[in-house]
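**Student:** Just dropping this structure here.
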Amino acid sequence: MSLDVKTGDITKVCCDAIVNPANSFGYMGGGVAGALKRVGGAIIEQEAVAKAPIVVGSAVATTAGMLPCTFVIHAPTMEKPAMRIPVENVAKATSAALTLAEQLKIKRIAIPGMGTGVGGVAPADAARAMINVAREFENKFDSIIFVDRNEIMVNAFMKFLKKVDGYS
């Protein structure tokens, strides 16, 4: 398995699934969720809301609409939209997303920085939590792609990977 880091727009990543750091209601208003809905279409939110409530620590999959993937995996980091959250929620959401992806036989999955927007988690803390969880899924995927538009988040992913395994 490879852990890759990319700067860019997650809505343009060709993969099997994209992770949405969701809220428990499935509403897709701003941040990554809003971008996924704008590009992929309202059907993604409609399907997510129909599967709500989605408990923090669990995940659901929907179709991807017009996105270049098969699934959007909605993994709540927060119960209500725009809540401040602890870093533990980032770890729970990452684990739930990867567990569901494994069940769906996903091979390539793209994950943005989770909880770092309105959730208020520091990028370095989020990167550490997410990469540590991803390590638990070694050999379950061909590729886990950490992708974000925010250079601070991308640098946090790269710095932590370099620290733990010499990623360059």
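In the structure tokens, chains take letters A, B, ... by order of appearance, with residues numbered from 1 within each chain and ligands from 1 in the order shown.
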Excluding same-chain residues fewer than 4 positions from Thr94 in chain A, what lies within 8 Å of it counting only C-alpha atoms, as a list in words?

**Tutor:**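 Final neighbour list, sorted by chain and number: Ala75, Val90, Leu98, Met130, Val133 and Ala134 of chain A.
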
**Student:** Got a sec: who's within 12 Å of Met153 in chain A, counting only C-alpha atoms, leaving out chain neighbours fewer than 3 positions off, as JSON, numbers by chain?

**Tutor:** {"A": [5, 6, 7, 8, 111, 112, 113, 114, 115, 116, 117, 121, 122, 123, 124, 125, 126, 127, 128, 130, 146, 147, 148, 149, 150, 156, 157, 158, 159, 160]}

**Student:** Do a neighbour search on Asp4 in chain A at 8 Å with only C-alpha atoms, toss out local chain neighbours closer than 3 positions, and write the hits as a list in words.

**Tutor:**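 Counting only C-alpha atoms, the residues come to Ser143, Ile144, Ile145 and Phe146 of chain A.
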
**Student:** Do you have the CA of Glu88 in chain A-CA of Gly57 in chain A distance handy?

**Tutor:**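 So the answer is 9.7 Å.
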
**Student:** Could you pull the residues within 10 Å of range 78-81 of chain A, counting only C-alpha atoms, minus those fewer than 5 positions along the same chain, as a list of chain:residue names?

**Tutor:**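 Here the qualifying residues turn out to be A:Pro21, A:Ala22, A:Asn23, A:Ser24, A:Phe25, A:Gly26, A:Tyr27, A:Met28, A:Gly29, A:Gly30, A:Pro53, A:Ile54, A:Val55, A:Val56, A:Gly57, A:Pro86, A:Asn89, A:Val90, A:Ala93, A:Gly115, A:Val118, A:Gly119.
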
**Student:** Identify which of the residues A:Ala129, A:Val72, A:Gly34, A:Lys163 lies closest to Ala48 in chain A, counting only C-alpha atoms when measuring atom-to-atom distances.

**Tutor:**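 Of the candidates, the smallest distance to Ala48 in chain A is held by A:Val72.
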
**Student:** Skip Ala42 in chain A itself and residues of its chain fewer than 3 positions away, then list as a PyMOL selection string all residues within 12 Å of it, counting only C-alpha atoms.

**Tutor:** chain A and resi 26-29+33-39+45-49+62-67

**Student:** With C-alpha atoms retained, could you export that selection as an mmCIF file, in the first residue's frame?

**Tutor:**
```cif
data_model
loop_
_atom_site.group_PDB
_atom_site.id
_atom_site.type_symbol
_atom_site.label_atom_id
_atom_site.label_comp_id
_atom_site.auth_asym_id
_atom_site.auth_seq_id
_atom_site.Cartn_x
_atom_site.Cartn_y
_atom_site.Cartn_z
ATOM 1 C CA GLY A 26 -25.595 14.361 6.093
ATOM 2 C CA TYR A 27 -25.997 18.042 5.152
ATOM 3 C CA MET A 28 -23.350 19.196 2.691
ATOM 4 C CA GLY A 29 -23.078 22.959 3.070
ATOM 5 C CA ALA A 33 -18.807 18.675 1.555
ATOM 6 C CA GLY A 34 -19.983 21.777 -0.272
ATOM 7 C CA ALA A 35 -17.391 21.271 -3.007
ATOM 8 C CA LEU A 36 -18.376 17.614 -3.436
ATOM 9 C CA LYS A 37 -22.035 18.608 -3.759
ATOM 10 C CA ARG A 38 -21.326 21.470 -6.194
ATOM 11 C CA VAL A 39 -19.246 19.294 -8.512
ATOM 12 C CA GLU A 45 -26.458 15.025 -0.313
ATOM 13 C CA GLN A 46 -29.934 13.581 -0.877
ATOM 14 C CA GLU A 47 -28.595 10.050 -0.440
ATOM 15 C CA ALA A 48 -26.521 11.013 2.619
ATOM 16 C CA VAL A 49 -29.469 12.729 4.333
ATOM 17 C CA THR A 62 -23.440 7.119 -1.495
ATOM 18 C CA THR A 63 -23.096 7.328 -5.223
ATOM 19 C CA ALA A 64 -20.679 9.977 -6.474
ATOM 20 C CA GLY A 65 -22.820 11.795 -9.018
ATOM 21 C CA MET A 66 -20.556 13.564 -11.503
ATOM 22 C CA LEU A 67 -17.355 13.048 -9.464
#
```

**Student:** DSSP on the backbone: which residues in chain A end up as alpha helix (DSSP H)? Give the answer as JSON, numbers by chain.

**Tutor:** {"A": [31, 32, 33, 34, 35, 36, 37, 38, 39, 40, 42, 43, 44, 45, 46, 47, 48, 49, 50, 87, 88, 89, 90, 91, 92, 93, 94, 95, 96, 97, 98, 99, 100, 101, 102, 103, 123, 124, 125, 126, 127, 128, 129, 130, 131, 132, 133, 134, 135, 151, 152, 153, 154, 155, 156, 157, 158, 159, 160, 161, 162, 163, 164, 165]}

**Student:** Taking only C-alpha atoms into account, name the residue in A:Lys140, A:His74, A:Ala97, A:Gly120 that is nearest to Lys51 in chain A.

**Tutor:** A:His74

**Student:** Run DSSP on the backbone of this structure and report the residues of range 112-147 of chain A it assigns to strand (DSSP E or B), as a PyMOL selection string.

**Tutor:** chain A and resi 143-147
